[in-house]
Amino acid sequence: MTDDRVLALMWEARAVPGRGAELLEWARAQDVGGEPLRRETFRASGDRVLVITWWRTTGEDGGPPQLPEPPAELVSRPVHRWSFESLGTG
């Protein structure tokens with residue numbers, strides 16, 4: 001028997017200058033291929049977009065789905081991705 005755990009996946013991209021709104025719209029429209037526990041989208045200076053999704057996983061299920069790569073014409077560098085395991089709120 002495996003323990004359930006919660007993973008937070010972070011996806012961050014930097015838009016081509018002046019195309020941050022388009023990148024944000026694109027990211028919001030993406031279906032991540034499942035139902036996360038939670039999903040939040042952020043924007044920051046420098047036309048950056050950050051999406052964080054939280055997933056319940058067993059660690060044996062191949063991991064949660066990821067946001068895809070955005071169209072190359074929207075981004076000024078490769079997407080950065082991180083995965084964190086939740087240790088609770090206390």
# chains A, B, ... in the order shown; residues from 1 in each chain; ligands from 1
call {"tool": "residues_around", "arguments": {"residues": "segment 5-12 of chain A", "least_positions_apart": "3", "cutoff": "7 Å", "atoms": "only C-alpha atoms", "output": "MDAnalysis selection string"}}
result
chainID A and resid 49:58 79:86
call {"tool": "residues_around", "arguments": {"residues": "Pro70 of chain A", "least_positions_apart": "2", "cutoff": "10 Å", "atoms": "only C-alpha atoms", "output": "PDB file with N, CA, C and O atoms, in the first residue's frame"}}
result
ATOM      1  N   ALA A  13       6.843  30.837 -17.364  1.00  0.00           N
ATOM      2  CA  ALA A  13       7.329  31.208 -18.693  1.00  0.00           C
ATOM      3  C   ALA A  13       7.467  32.719 -18.783  1.00  0.00           C
ATOM      4  O   ALA A  13       6.742  33.466 -18.133  1.00  0.00           O
ATOM      5  N   ALA A  15       7.320  35.775 -21.496  1.00  0.00           N
ATOM      6  CA  ALA A  15       6.845  36.099 -22.839  1.00  0.00           C
ATOM      7  C   ALA A  15       7.855  36.957 -23.586  1.00  0.00           C
ATOM      8  O   ALA A  15       8.693  37.642 -22.988  1.00  0.00           O
ATOM      9  N   LEU A  23       0.416  35.455 -23.602  1.00  0.00           N
ATOM     10  CA  LEU A  23       0.905  34.266 -22.908  1.00  0.00           C
ATOM     11  C   LEU A  23      -0.011  33.928 -21.737  1.00  0.00           C
ATOM     12  O   LEU A  23      -0.354  32.758 -21.520  1.00  0.00           O
ATOM     13  N   TRP A  26      -3.128  32.373 -23.104  1.00  0.00           N
ATOM     14  CA  TRP A  26      -2.836  31.016 -23.556  1.00  0.00           C
ATOM     15  C   TRP A  26      -2.767  30.062 -22.361  1.00  0.00           C
ATOM     16  O   TRP A  26      -3.364  28.985 -22.386  1.00  0.00           O
ATOM     17  N   ALA A  27      -2.035  30.455 -21.303  1.00  0.00           N
ATOM     18  CA  ALA A  27      -1.869  29.586 -20.125  1.00  0.00           C
ATOM     19  C   ALA A  27      -3.216  29.310 -19.454  1.00  0.00           C
ATOM     20  O   ALA A  27      -3.489  28.180 -19.046  1.00  0.00           O
ATOM     21  N   GLN A  30      -5.334  26.528 -21.138  1.00  0.00           N
ATOM     22  CA  GLN A  30      -4.821  25.162 -21.234  1.00  0.00           C
ATOM     23  C   GLN A  30      -5.523  24.199 -20.296  1.00  0.00           C
ATOM     24  O   GLN A  30      -5.705  24.486 -19.120  1.00  0.00           O
ATOM     25  N   LEU A  67       1.455  21.215 -17.716  1.00  0.00           N
ATOM     26  CA  LEU A  67       1.072  22.147 -18.775  1.00  0.00           C
ATOM     27  C   LEU A  67       2.021  21.943 -19.952  1.00  0.00           C
ATOM     28  O   LEU A  67       3.211  21.680 -19.761  1.00  0.00           O
ATOM     29  N   PRO A  68       1.519  22.079 -21.162  1.00  0.00           N
ATOM     30  CA  PRO A  68       2.377  21.912 -22.334  1.00  0.00           C
ATOM     31  C   PRO A  68       3.302  23.108 -22.554  1.00  0.00           C
ATOM     32  O   PRO A  68       3.201  24.121 -21.864  1.00  0.00           O
ATOM     33  N   ALA A  72       6.190  28.728 -29.563  1.00  0.00           N
ATOM     34  CA  ALA A  72       7.534  29.314 -29.526  1.00  0.00           C
ATOM     35  C   ALA A  72       7.525  30.823 -29.757  1.00  0.00           C
ATOM     36  O   ALA A  72       8.345  31.541 -29.178  1.00  0.00           O
ATOM     37  N   GLU A  73       6.590  31.315 -30.548  1.00  0.00           N
ATOM     38  CA  GLU A  73       6.566  32.751 -30.842  1.00  0.00           C
ATOM     39  C   GLU A  73       6.113  33.598 -29.660  1.00  0.00           C
ATOM     40  O   GLU A  73       6.259  34.817 -29.677  1.00  0.00           O
ATOM     41  N   LEU A  74       5.576  32.961 -28.609  1.00  0.00           N
ATOM     42  CA  LEU A  74       5.130  33.699 -27.430  1.00  0.00           C
ATOM     43  C   LEU A  74       6.194  33.821 -26.343  1.00  0.00           C
ATOM     44  O   LEU A  74       6.084  34.682 -25.475  1.00  0.00           O
ATOM     45  N   VAL A  75       7.189  32.947 -26.339  1.00  0.00           N
ATOM     46  CA  VAL A  75       8.141  32.905 -25.226  1.00  0.00           C
ATOM     47  C   VAL A  75       9.548  33.310 -25.642  1.00  0.00           C
ATOM     48  O   VAL A  75       9.973  33.081 -26.762  1.00  0.00           O
ATOM     49  N   PRO A  78      13.073  28.990 -22.693  1.00  0.00           N
ATOM     50  CA  PRO A  78      12.334  27.768 -22.348  1.00  0.00           C
ATOM     51  C   PRO A  78      11.557  27.927 -21.039  1.00  0.00           C
ATOM     52  O   PRO A  78      11.943  28.693 -20.149  1.00  0.00           O
ATOM     53  N   VAL A  79      10.472  27.182 -20.939  1.00  0.00           N
ATOM     54  CA  VAL A  79       9.644  27.153 -19.727  1.00  0.00           C
ATOM     55  C   VAL A  79      10.460  26.554 -18.587  1.00  0.00           C
ATOM     56  O   VAL A  79      11.238  25.623 -18.789  1.00  0.00           O
TER      57      VAL A  79
END
call {"tool": "select_by_dssp", "arguments": {"residues": "segment 18-48 of chain A", "states": "helix (DSSP H, G or I)", "output": "list in words"}}
result
Gly20, Ala21, Glu22, Leu23, Leu24, Glu25, Trp26, Ala27, Arg28 and Ala29 of chain A
call {"tool": "write_last_selection", "arguments": {"atoms": "N, CA, C and O atoms", "output": "mmCIF file, in the first residue's frame"}}
result
data_model
loop_
_atom_site.group_PDB
_atom_site.id
_atom_site.type_symbol
_atom_site.label_atom_id
_atom_site.label_comp_id
_atom_site.auth_asym_id
_atom_site.auth_seq_id
_atom_site.Cartn_x
_atom_site.Cartn_y
_atom_site.Cartn_z
ATOM 1 N N GLY A 20 2.995 39.523 -23.029
ATOM 2 C CA GLY A 20 2.632 38.900 -21.759
ATOM 3 C C GLY A 20 1.147 38.595 -21.647
ATOM 4 O O GLY A 20 0.760 37.545 -21.132
ATOM 5 N N ALA A 21 0.297 39.499 -22.131
ATOM 6 C CA ALA A 21 -1.149 39.274 -22.059
ATOM 7 C C ALA A 21 -1.547 38.061 -22.897
ATOM 8 O O ALA A 21 -2.404 37.269 -22.490
ATOM 9 N N GLU A 22 -0.919 37.896 -24.046
ATOM 10 C CA GLU A 22 -1.213 36.727 -24.893
ATOM 11 C C GLU A 22 -0.768 35.432 -24.230
ATOM 12 O O GLU A 22 -1.477 34.425 -24.271
ATOM 13 N N LEU A 23 0.416 35.455 -23.602
ATOM 14 C CA LEU A 23 0.905 34.266 -22.908
ATOM 15 C C LEU A 23 -0.011 33.928 -21.737
ATOM 16 O O LEU A 23 -0.354 32.758 -21.520
ATOM 17 N N LEU A 24 -0.440 34.937 -21.001
ATOM 18 C CA LEU A 24 -1.360 34.720 -19.881
ATOM 19 C C LEU A 24 -2.668 34.105 -20.379
ATOM 20 O O LEU A 24 -3.170 33.124 -19.808
ATOM 21 N N GLU A 25 -3.219 34.645 -21.436
ATOM 22 C CA GLU A 25 -4.458 34.107 -22.008
ATOM 23 C C GLU A 25 -4.256 32.660 -22.460
ATOM 24 O O GLU A 25 -5.101 31.797 -22.217
ATOM 25 N N TRP A 26 -3.128 32.373 -23.104
ATOM 26 C CA TRP A 26 -2.836 31.016 -23.556
ATOM 27 C C TRP A 26 -2.767 30.062 -22.361
ATOM 28 O O TRP A 26 -3.364 28.985 -22.386
ATOM 29 N N ALA A 27 -2.035 30.455 -21.303
ATOM 30 C CA ALA A 27 -1.869 29.586 -20.125
ATOM 31 C C ALA A 27 -3.216 29.310 -19.454
ATOM 32 O O ALA A 27 -3.489 28.180 -19.046
ATOM 33 N N ARG A 28 -4.051 30.316 -19.343
ATOM 34 C CA ARG A 28 -5.363 30.135 -18.706
ATOM 35 C C ARG A 28 -6.260 29.188 -19.498
ATOM 36 O O ARG A 28 -7.115 28.515 -18.933
ATOM 37 N N ALA A 29 -6.080 29.129 -20.807
ATOM 38 C CA ALA A 29 -6.924 28.305 -21.665
ATOM 39 C C ALA A 29 -6.493 26.840 -21.699
ATOM 40 O O ALA A 29 -7.226 26.001 -22.228
#
call {"tool": "closest_residue", "arguments": {"among": "A:Asp47, A:Arg77, A:Gly63, A:Glu69", "to": "Arg19 of chain A", "atoms": "only C-alpha atoms"}}
result
A:Asp47
call {"tool": "atom_distance", "arguments": {"atom1": "atom CA of Gln66 of chain A", "atom2": "atom CA of Pro17 of chain A"}}
result
24.7 Å
call {"tool": "closest_residue", "arguments": {"among": "A:Pro64, A:Val32, A:Arg14, A:Pro71", "to": "Ala44 of chain A", "atoms": "only C-alpha atoms"}}
result
A:Arg14
call {"tool": "atom_distance", "arguments": {"atom1": "atom CA of Gly34 of chain A", "atom2": "atom CA of Asp4 of chain A"}}
result
16.9 Å
call {"tool": "atom_distance", "arguments": {"atom1": "atom CA of Arg43 of chain A", "atom2": "atom CA of Asp31 of chain A"}}
result
18.5 Å
call {"tool": "select_by_dssp", "arguments": {"residues": "segment 4-84 of chain A", "states": "strand (DSSP E or B)", "output": "PyMOL selection string"}}
result
chain A and resi 5-15+38-44+48-57+75+80-84
